[in-house]
Each structure stands twice: as structure tokens, then as C-alpha cells.
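Structure, as C-alpha cells:
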Amino acid sequence: GIAGPVALFAVGFSLPRYPIRGALRAPGVITALSLLIQPLVVFLVGSLILPPLWLAVAVVAAASPTGVNAYLFATYFKTAEGLSATVIVVTTVVSALTLTAWIAVMTGA
């Protein structure tokens, strides 16, 4: 039960090692795919096979920011640690807007 919060602290403590300035092209593309394209695909496919409530839950889940597991896998395999840390921060910040928009779309607001 403590692994999740400890992992979040690990990402937070490691962020000073991976500054978010400079090359933001890859994190930007990953963010767009994660927060816009993925929920759109889930919406289009899910609208064919899911009831409305399940569709809303699936789209909101698909539109959520990248979780700490990406960083844990990157550190375990010792590759793209900086990229994963940057993507977590960028998707978390940008999802404040995109997730709100997806929720509005799903509720018909």
C-alpha cells in the first residue's frame, strides 16, 4: 500500500536531475498522443460498443496524465528516465485543460 506514494516521491526527488527545458518535441508529441489522440480513439471505438456511462469512464481514464509507472519502468530498465519524468510533469500540467474538456464532452456540458 505504500509503494504508490513512495514512487511519487521518487519521481519528485529525481526531477531536479532532469530539467524540463530544452528539447520538448518528444514530450510534446507523447503528451498530444496521450491526452488527445488516445481518448479520441477510445471515444470513437467505444461509442460503437459501450453504453454511455462506461464510455465516459473509459474516455476519462484514457485522457488521464501519464502515471508514475512509466518512470518506474524507465529507471528499472535504465533508459529514457529524463523523458519519462518530463512526460509525467507535462501531461499532468496539460491535463488540467484537456481532462476538463474531455469531461465536458462526455457530460454534454
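By convention here, the chains of the C-alpha cells are called A, B, ... in the order presented, each chain's residues are numbered starting at 1, and ligands are numbered starting at 1 in the order presented.
Excluding Val105 of chain A itself and same-chain residues fewer than 6 positions from it, the residues having an atom within 12 Å of it are Pro39, Leu40, Phe43, Pro52, Leu55, Ala56, Val59, Val60, Ala63, Thr98 and Leu99 of chain A, counting only C-alpha atoms.
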Export of the given selection (all heavy atoms) as an mmCIF file, in the first residue's frame:
data_model
loop_
_atom_site.group_PDB
_atom_site.id
_atom_site.type_symbol
_atom_site.label_atom_id
_atom_site.label_comp_id
_atom_site.auth_asym_id
_atom_site.auth_seq_id
_atom_site.Cartn_x
_atom_site.Cartn_y
_atom_site.Cartn_z
ATOM 1 N N PRO A 39 -7.628 9.347 -26.078
ATOM 2 C CA PRO A 39 -9.044 9.432 -25.684
ATOM 3 C C PRO A 39 -9.985 9.549 -26.887
ATOM 4 O O PRO A 39 -11.107 9.053 -26.845
ATOM 5 C CB PRO A 39 -9.133 10.666 -24.797
ATOM 6 C CG PRO A 39 -7.800 11.254 -24.741
ATOM 7 C CD PRO A 39 -6.847 10.408 -25.486
ATOM 8 N N LEU A 40 -9.510 10.178 -27.971
ATOM 9 C CA LEU A 40 -10.338 10.280 -29.166
ATOM 10 C C LEU A 40 -10.586 8.895 -29.769
ATOM 11 O O LEU A 40 -11.720 8.568 -30.135
ATOM 12 C CB LEU A 40 -9.686 11.196 -30.205
ATOM 13 C CG LEU A 40 -10.438 11.358 -31.517
ATOM 14 C CD1 LEU A 40 -11.804 11.990 -31.290
ATOM 15 C CD2 LEU A 40 -9.613 12.168 -32.497
ATOM 16 N N PHE A 43 -12.965 7.097 -27.581
ATOM 17 C CA PHE A 43 -14.311 7.631 -27.781
ATOM 18 C C PHE A 43 -14.939 7.079 -29.063
ATOM 19 O O PHE A 43 -16.086 6.641 -29.056
ATOM 20 C CB PHE A 43 -14.275 9.159 -27.829
ATOM 21 C CG PHE A 43 -15.605 9.788 -28.105
ATOM 22 C CD1 PHE A 43 -16.573 9.847 -27.125
ATOM 23 C CD2 PHE A 43 -15.895 10.288 -29.364
ATOM 24 C CE1 PHE A 43 -17.814 10.412 -27.382
ATOM 25 C CE2 PHE A 43 -17.130 10.853 -29.625
ATOM 26 C CZ PHE A 43 -18.089 10.914 -28.632
ATOM 27 N N PRO A 52 -23.344 4.531 -22.546
ATOM 28 C CA PRO A 52 -22.839 5.888 -22.293
ATOM 29 C C PRO A 52 -21.993 6.045 -21.022
ATOM 30 O O PRO A 52 -20.956 6.708 -21.056
ATOM 31 C CB PRO A 52 -24.105 6.738 -22.218
ATOM 32 C CG PRO A 52 -25.106 5.996 -23.024
ATOM 33 C CD PRO A 52 -24.780 4.542 -22.834
ATOM 34 N N LEU A 55 -18.657 4.374 -21.500
ATOM 35 C CA LEU A 55 -17.892 5.160 -22.465
ATOM 36 C C LEU A 55 -17.259 6.368 -21.793
ATOM 37 O O LEU A 55 -16.080 6.658 -22.010
ATOM 38 C CB LEU A 55 -18.793 5.602 -23.621
ATOM 39 C CG LEU A 55 -18.144 6.500 -24.664
ATOM 40 C CD1 LEU A 55 -17.009 5.767 -25.375
ATOM 41 C CD2 LEU A 55 -19.194 6.985 -25.663
ATOM 42 N N ALA A 56 -18.031 7.057 -20.968
ATOM 43 C CA ALA A 56 -17.495 8.232 -20.271
ATOM 44 C C ALA A 56 -16.331 7.851 -19.359
ATOM 45 O O ALA A 56 -15.298 8.531 -19.342
ATOM 46 C CB ALA A 56 -18.604 8.911 -19.458
ATOM 47 N N VAL A 59 -13.238 6.982 -21.559
ATOM 48 C CA VAL A 59 -12.614 8.159 -22.177
ATOM 49 C C VAL A 59 -11.854 8.972 -21.132
ATOM 50 O O VAL A 59 -10.726 9.411 -21.379
ATOM 51 C CB VAL A 59 -13.668 9.021 -22.906
ATOM 52 C CG1 VAL A 59 -13.092 10.361 -23.323
ATOM 53 C CG2 VAL A 59 -14.203 8.273 -24.117
ATOM 54 N N VAL A 60 -12.448 9.177 -19.978
ATOM 55 C CA VAL A 60 -11.763 9.942 -18.931
ATOM 56 C C VAL A 60 -10.509 9.202 -18.459
ATOM 57 O O VAL A 60 -9.464 9.813 -18.236
ATOM 58 C CB VAL A 60 -12.721 10.249 -17.758
ATOM 59 C CG1 VAL A 60 -11.978 10.801 -16.559
ATOM 60 C CG2 VAL A 60 -13.794 11.233 -18.214
ATOM 61 N N ALA A 63 -7.860 9.705 -21.005
ATOM 62 C CA ALA A 63 -7.390 11.086 -21.063
ATOM 63 C C ALA A 63 -6.593 11.501 -19.836
ATOM 64 O O ALA A 63 -6.175 12.644 -19.724
ATOM 65 C CB ALA A 63 -8.584 12.027 -21.235
ATOM 66 N N THR A 98 -7.031 19.568 -20.773
ATOM 67 C CA THR A 98 -7.602 18.552 -21.659
ATOM 68 C C THR A 98 -8.576 17.639 -20.936
ATOM 69 O O THR A 98 -9.605 17.269 -21.505
ATOM 70 C CB THR A 98 -6.499 17.715 -22.323
ATOM 71 O OG1 THR A 98 -5.707 17.078 -21.314
ATOM 72 C CG2 THR A 98 -5.614 18.568 -23.206
ATOM 73 N N LEU A 99 -8.266 17.283 -19.714
ATOM 74 C CA LEU A 99 -9.171 16.407 -18.965
ATOM 75 C C LEU A 99 -10.488 17.120 -18.677
ATOM 76 O O LEU A 99 -11.562 16.520 -18.775
ATOM 77 C CB LEU A 99 -8.501 15.945 -17.668
ATOM 78 C CG LEU A 99 -9.123 14.780 -16.933
ATOM 79 C CD1 LEU A 99 -9.313 13.581 -17.840
ATOM 80 C CD2 LEU A 99 -8.272 14.388 -15.750
#
Can you list, as number ranges by chain, all residues belonging to chain A that DSSP tags as helix (DSSP H, G or I)?
A: 3-17, 25-49, 52-62, 69-77, 81-107
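Residues surrounding Thr107 of chain A within 10 Å are A:Pro52, A:Leu53, A:Ala56, A:Ala101, A:Trp102, A:Ile103, A:Ala104 [only C-alpha atoms; sequence separation below 3 positions excluded].
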For the interface of segment 38-81 of chain A with segment 92-97 of chain A (cut-off 12 Å, counting only C-alpha atoms), please tabulate each contacting residue of segment 38-81 of chain A alongside its nearest pair of atoms and their separation in Å to one decimal, rows sorted by chain and increasing number, as CSV.
residue,atom,partner,partner_atom,distance
A:Pro39,CA,A:Ser95,CA,11.9
A:Val60,CA,A:Ser95,CA,10.7
A:Ala61,CA,A:Ser95,CA,11.6
A:Ala62,CA,A:Ser95,CA,11.2
A:Ala63,CA,A:Ser95,CA,7.6
A:Ser64,CA,A:Ser95,CA,6.8
A:Pro65,CA,A:Thr92,CA,5.2
A:Thr66,CA,A:Thr92,CA,7.1
A:Gly67,CA,A:Thr92,CA,8.8
A:Val68,CA,A:Thr92,CA,10.8
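Considering only C-alpha atoms, the residue among A:Ala26, A:Ile2, A:Leu48, A:Val11 positioned nearest to Leu83 of chain A is A:Ala26.
Summary of the local environment: counting only C-alpha atoms, residues at most 12 Å from Leu24 of chain A, other than itself and those fewer than 5 positions away along its chain, are Pro19, Val29, Ile30, Thr31, Ala32, Gly82, Leu83, Ser84, Thr86, Val87, Val89 and Val90 of chain A.
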